[in-house]
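Text of entry_31.cif, listed as mmCIF, C-alpha atoms:
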data_data
#
loop_
_atom_site.label_atom_id
_atom_site.label_comp_id
_atom_site.auth_asym_id
_atom_site.auth_seq_id
_atom_site.Cartn_x
_atom_site.Cartn_y
_atom_site.Cartn_z
CA MET A 1 42.67 108.24 149.68
CA ASP A 2 42.45 110.86 146.93
CA ASP A 3 44.05 114.28 147.27
CA ILE A 4 41.78 117.15 148.26
CA ILE A 5 42.25 119.84 145.63
CA PHE A 6 40.72 123.30 145.44
CA GLU A 7 41.37 125.24 142.25
CA LYS A 8 39.82 128.29 140.60
CA ASP A 9 41.08 130.64 137.90
CA TYR A 10 40.33 134.33 138.46
CA ARG A 11 42.76 135.68 135.88
CA GLU A 12 40.02 136.59 133.40
CA THR A 13 37.33 138.16 135.54
CA GLU A 14 36.99 141.65 134.04
CA SER A 15 35.67 142.59 130.65
CA VAL A 16 37.90 143.89 127.89
CA GLU A 17 36.03 147.20 128.06
CA TYR A 18 36.74 147.56 131.79
CA ASP A 19 40.44 146.76 131.28
CA LYS A 20 40.62 149.38 128.55
CA TRP A 21 38.95 151.96 130.81
CA CYS A 22 41.37 151.20 133.68
CA ASP A 23 44.36 151.56 131.37
CA GLU A 24 43.04 154.84 130.02
CA VAL A 25 42.43 156.29 133.50
CA PHE A 26 45.87 155.21 134.74
CA ASP A 27 47.63 156.59 131.67
CA ARG A 28 45.78 159.89 131.92
CA ALA A 29 46.47 160.27 135.64
CA VAL A 30 50.19 159.62 135.18
CA ASN A 31 50.78 161.50 131.94
CA GLY A 32 48.04 164.12 132.00
CA GLY A 33 49.37 166.17 134.89
CA MET A 34 46.98 165.08 137.65
CA LEU A 35 49.61 163.39 139.83
CA LYS A 36 51.99 166.31 139.38
CA ALA A 37 49.30 168.83 140.36
CA TYR A 38 48.29 166.75 143.37
CA SER A 39 51.89 166.29 144.54
CA GLU A 40 52.66 169.99 144.21
CA ALA A 41 49.56 170.93 146.19
CA MET A 42 50.28 168.40 148.93
CA ASP A 43 53.92 169.51 149.19
CA LYS A 44 52.68 172.93 150.31
CA ILE A 45 50.74 171.48 153.24
CA PRO A 46 52.64 171.59 156.56
CA LYS A 47 53.59 168.15 157.83
CA ILE A 48 54.63 166.58 161.09
CA ILE A 49 56.40 163.33 161.92
CA VAL A 50 54.04 160.76 163.43
CA PRO A 51 55.81 159.51 166.61
CA GLU A 52 54.35 155.99 166.37
CA ASP A 53 55.39 155.65 162.71
CA LYS A 54 58.89 156.89 163.53
CA LYS A 55 59.17 154.35 166.33
CA ASN A 56 57.91 151.56 164.06
CA TYR A 57 60.32 152.50 161.27
CA GLU A 58 63.34 152.50 163.56
CA TYR A 59 62.30 149.19 165.13
CA LEU A 60 61.65 147.48 161.80
CA LEU A 61 64.85 148.84 160.29
CA GLU A 62 66.87 147.23 163.08
CA ARG A 63 64.98 143.93 162.81
CA CYS A 64 65.17 143.88 159.01
CA ASP A 65 68.89 144.62 159.12
CA ALA A 66 69.46 141.58 161.32
CA PHE A 67 67.25 139.43 159.07
CA VAL A 68 69.04 140.52 155.90
CA LYS A 69 72.45 139.98 157.49
CA GLN A 70 71.41 136.45 158.47
CA HIS A 71 70.28 135.69 154.89
CA ARG A 72 73.23 137.47 153.22
CA GLY A 73 71.14 140.04 151.40
CA TYR A 74 71.10 143.81 150.94
CA ILE A 75 68.99 146.39 152.79
CA LYS A 76 68.15 150.03 152.18
CA GLY A 77 65.98 152.23 154.38
CA ILE A 78 65.04 155.84 153.76
CA VAL A 79 63.02 158.58 155.42
CA ASP A 80 62.07 160.51 152.31
CA TYR A 81 61.62 164.27 152.87
CA HIS A 82 60.78 164.80 149.20
CA ARG A 83 57.98 162.25 148.79
CA TRP A 84 57.01 162.34 152.48
CA HIS A 85 57.14 158.74 153.62
CA ALA A 86 59.56 156.12 154.92
CA GLU A 87 60.38 152.77 153.40
CA ILE A 88 62.57 149.74 153.94
CA ASN A 89 63.68 147.51 151.09
CA MET A 90 65.13 144.07 151.74
CA PHE A 91 66.80 142.37 148.78
CA LEU A 92 67.09 138.65 149.51
CA PRO A 93 68.19 135.54 147.59
CA PHE A 94 64.79 134.11 148.59
CA ALA A 95 62.06 135.04 151.06
CA GLU A 96 61.14 132.29 153.47
CA PHE A 97 59.75 132.65 156.98
CA ASP A 98 60.01 129.09 158.18
CA ASP A 99 59.87 129.04 161.97
CA SER A 100 57.85 130.63 164.76
CA GLU A 101 60.35 133.47 165.25
CA ASP A 102 60.42 134.37 161.55
CA LEU A 103 56.63 134.17 161.31
CA ALA A 104 56.28 136.44 164.35
CA PHE A 105 58.65 138.89 162.66
CA LEU A 106 56.56 138.79 159.47
CA LYS A 107 53.48 139.53 161.56
CA GLU A 108 55.24 142.50 163.15
CA ILE A 109 56.12 143.87 159.72
CA ALA A 110 52.46 143.73 158.75
CA GLU A 111 51.31 145.34 162.00
CA LYS A 112 53.87 148.16 162.04
CA SER A 113 53.67 149.28 158.40
CA GLN A 114 51.03 150.45 155.95
CA THR A 115 51.89 148.13 153.04
CA VAL A 116 54.21 145.19 152.38
CA CYS A 117 55.01 144.01 148.87
CA PHE A 118 56.98 140.96 147.71
CA SER A 119 58.23 141.20 144.14
CA PRO A 120 60.98 139.75 141.92
CA ASP A 121 64.17 141.79 141.97
CA GLU A 122 65.59 142.83 138.61
CA GLU A 123 68.97 141.38 139.57
CA GLY A 124 67.48 138.13 140.82
CA GLY A 125 66.07 137.13 144.17
CA ILE A 126 63.20 138.78 146.02
CA ARG A 127 62.55 142.38 147.00
CA VAL A 128 60.50 142.96 150.16
CA HIS A 129 59.20 146.52 150.15
CA ILE A 130 57.90 147.92 153.45
CA PHE A 131 56.07 151.25 153.33
CA ILE A 132 55.38 153.47 156.37
CA ASN A 133 53.54 156.79 156.19
CA TYR A 134 55.89 158.42 158.75
CA PHE A 135 54.51 161.92 158.03
CA GLU A 136 51.06 163.38 158.47
CA GLU A 137 49.62 166.46 156.80
CA LEU A 138 48.13 169.11 159.05
CA MET A 139 44.85 169.33 157.23
CA SER A 140 41.25 168.31 157.61
CA ALA A 141 39.80 165.38 155.68
CA GLU A 142 37.61 167.86 153.80
CA HIS A 143 40.61 169.92 152.70
CA LYS A 144 42.46 166.81 151.52
CA SER A 145 39.41 165.71 149.54
CA TYR A 146 39.28 169.14 147.95
CA ILE A 147 42.92 168.91 146.84
CA GLU A 148 42.37 165.43 145.39
CA CYS A 149 39.27 166.51 143.50
CA ASP A 150 40.82 169.77 142.36
CA ALA A 151 43.84 167.94 140.89
CA ILE A 152 41.49 165.68 138.95
CA MET A 153 39.18 168.49 137.86
CA GLN A 154 42.10 170.38 136.33
CA ASP A 155 42.17 167.61 133.72
CA LYS A 156 38.78 167.68 132.00
CA LYS A 157 39.35 164.38 130.21
CA LEU A 158 40.28 162.55 133.43
CA SER A 159 37.34 164.01 135.36
CA ALA A 160 35.03 162.92 132.55
CA LEU A 161 36.47 159.39 132.61
CA LEU A 162 35.83 159.22 136.36
CA SER A 163 32.42 160.92 136.13
CA ILE A 164 33.34 163.35 138.92
CA PRO A 165 30.93 166.27 139.45
CA GLU A 166 32.08 169.84 139.95
CA LEU A 167 33.16 170.81 143.47
CA SER A 168 30.64 172.71 145.52
CA ASP A 169 31.10 176.42 146.16
CA GLU A 170 31.45 175.67 149.88
CA GLU A 171 34.40 173.31 149.29
CA LYS A 172 36.14 175.83 147.04
CA GLU A 173 35.55 178.63 149.53
CA LEU A 174 36.93 176.58 152.45
CA ALA A 175 40.21 175.76 150.71
CA LEU A 176 40.73 179.29 149.37
CA LYS A 177 39.98 180.80 152.77
CA MET A 178 42.51 178.55 154.48
CA LYS A 179 45.17 179.24 151.86
CA GLY A 180 44.60 182.99 152.09
CA ILE A 181 44.98 183.03 155.86
CA LEU A 182 48.22 181.04 155.77
CA ASP A 183 49.67 183.16 152.96
CA ARG A 184 48.97 186.32 154.93
CA ILE A 185 50.55 184.88 158.08
CA ASP A 186 53.63 183.95 156.05
CA GLU A 187 53.93 187.46 154.65
CA GLU A 188 53.15 189.52 157.74
CA THR A 189 54.45 187.56 160.73
CA ARG A 190 57.26 185.31 161.88
CA ILE A 191 54.92 182.62 163.13
CA ASP A 192 55.83 179.12 161.98
CA ARG A 193 53.45 178.01 159.21
CA THR A 194 52.82 174.66 160.91
CA THR A 195 51.82 176.37 164.17
CA ALA A 196 49.60 178.75 162.24
CA PHE A 197 47.98 175.89 160.35
CA ARG A 198 47.06 174.16 163.60
CA ALA A 199 45.47 177.37 164.85
CA VAL A 200 43.52 177.80 161.62
CA LEU A 201 42.17 174.25 161.79
CA ASP A 202 41.13 174.73 165.42
CA LYS A 203 39.43 178.02 164.57
CA MET A 204 37.54 176.65 161.57
CA ALA A 205 36.42 173.57 163.50
CA LYS A 206 34.55 175.72 166.04
#
Structure re-expressed in structure tokens:
Amino acid sequence: MDDIIFEKDYRETESVEYDKWCDEVFDRAVNGGMLKAYSEAMDKIPKIIVPEDKKNYEYLLERCDAFVKQHRGYIKGIVDYHRWHAEINMFLPFAEFDDSEDLAFLKEIAEKSQTVCFSPDEEGGIRVHIFINYFEELMSAEHKSYIECDAIMQDKKLSALLSIPELSDEEKELALKMKGILDRIDEETRIDRTTAFRAVLDKMAK
């Protein structure tokens, strides 16, 4: 009986023009100041630890530590208070999940994290990168969209590449109003900014 083979090559699916556009957008976002502006704006937003994410991080860190010890690798976990996320990195000679217990563990990693990435390690072997949000900004979806768009709109070339229209007056007014209220609370009271932000969101939602 002949082998049953399925094979397709998707490595050349996009046009050269599209690839060039993607490269130009990425380069502009990284080097044109958009990411820096967005990060600085988001850093000012009050944040809280998500209990479920914290629980998942601690659970996966313990499980990953045991897995790495078994396979004689190296592990590093971090709750990053500068970039506002948590991650676990397993550096292994090879990555193989070859029995029901290992496969169940791999499934748990996928279920309890936001992204999982397998990549070659510079020093040899495999790096398994597990990303968990861990933190959550105290902001509405509309406010977050405003910050994203505003960071892009500050770079005229990038906004033109992405064909993004100008923000509406209502969106600008909402963000400025929220910022003004929080700034005034900071200056005139001793109320915690996070507590104040919750109150502002509740008030504006009514």
Counting only C-alpha atoms, which residues in range 58-166 of chain A sit no more than 12 Å from range 18-33 of chain A? For each one, give the nearest pair of atoms and the distance in Å, sorted by chain then residue number, as JSON lines.
{"residue": "A:Glu148", "atom": "CA", "partner": "A:Ala29", "partner_atom": "CA", "distance": 11.8}
{"residue": "A:Asp150", "atom": "CA", "partner": "A:Gly33", "partner_atom": "CA", "distance": 11.9}
{"residue": "A:Ala151", "atom": "CA", "partner": "A:Gly33", "partner_atom": "CA", "distance": 8.3}
{"residue": "A:Ile152", "atom": "CA", "partner": "A:Ala29", "partner_atom": "CA", "distance": 8.1}
{"residue": "A:Met153", "atom": "CA", "partner": "A:Gly33", "partner_atom": "CA", "distance": 10.9}
{"residue": "A:Gln154", "atom": "CA", "partner": "A:Gly33", "partner_atom": "CA", "distance": 8.5}
{"residue": "A:Asp155", "atom": "CA", "partner": "A:Gly32", "partner_atom": "CA", "distance": 7.0}
{"residue": "A:Lys156", "atom": "CA", "partner": "A:Gly32", "partner_atom": "CA", "distance": 9.9}
{"residue": "A:Lys157", "atom": "CA", "partner": "A:Arg28", "partner_atom": "CA", "distance": 8.0}
{"residue": "A:Leu158", "atom": "CA", "partner": "A:Arg28", "partner_atom": "CA", "distance": 6.3}
{"residue": "A:Ser159", "atom": "CA", "partner": "A:Val25", "partner_atom": "CA", "distance": 9.4}
{"residue": "A:Ala160", "atom": "CA", "partner": "A:Val25", "partner_atom": "CA", "distance": 10.0}
{"residue": "A:Leu161", "atom": "CA", "partner": "A:Val25", "partner_atom": "CA", "distance": 6.8}
{"residue": "A:Leu162", "atom": "CA", "partner": "A:Val25", "partner_atom": "CA", "distance": 7.8}
{"residue": "A:Ser163", "atom": "CA", "partner": "A:Val25", "partner_atom": "CA", "distance": 11.3}
If you take all atoms listed in the file and a cut-off of 7 Å, which residues of range 23-101 of chain A touch range 115-131 of chain A, and what are their nearest atom pairs and distances in Å to one decimal, in chain and number order, as JSON lines?
{"residue": "A:Ala86", "atom": "CA", "partner": "A:Phe131", "partner_atom": "CA", "distance": 6.2}
{"residue": "A:Glu87", "atom": "CA", "partner": "A:Phe131", "partner_atom": "CA", "distance": 4.6}
{"residue": "A:Ile88", "atom": "CA", "partner": "A:Ile130", "partner_atom": "CA", "distance": 5.0}
{"residue": "A:Asn89", "atom": "CA", "partner": "A:His129", "partner_atom": "CA", "distance": 4.7}
{"residue": "A:Met90", "atom": "CA", "partner": "A:Val128", "partner_atom": "CA", "distance": 5.0}
{"residue": "A:Phe91", "atom": "CA", "partner": "A:Arg127", "partner_atom": "CA", "distance": 4.6}
{"residue": "A:Leu92", "atom": "CA", "partner": "A:Ile126", "partner_atom": "CA", "distance": 5.2}
{"residue": "A:Pro93", "atom": "CA", "partner": "A:Gly125", "partner_atom": "CA", "distance": 4.3}
{"residue": "A:Phe94", "atom": "CA", "partner": "A:Gly125", "partner_atom": "CA", "distance": 5.5}
{"residue": "A:Ala95", "atom": "CA", "partner": "A:Ile126", "partner_atom": "CA", "distance": 6.4}
Could you work out how far CA of Ile48 in chain A lies from CA of Tyr81 in chain A, giving the answer in Å with one decimal?
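About the pair CA of Tyr81 in chain A and CA of Ile48 in chain A: they are 11.0 Å apart.
Between CA of His82 in chain A and CA of Tyr134 in chain A the separation is 12.5 Å.
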(55.8, 162.8, 155.6) in this file's frame - what residues fall within 10 Å of it? Use only C-alpha atoms and give the answer as a ChimeraX atom specification.
/A:43,46-50,79-86,132-137
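Interatomic distance, CA of Asp65 in chain A to CA of Glu52 in chain A: 19.8 Å.
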For Met42 in chain A, which residue among A:Glu173, A:Ile78, A:Ser145, A:Tyr57 is the nearest when counting all atoms listed in the file?
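The answer is A:Ser145, which sits nearest to Met42 in chain A.
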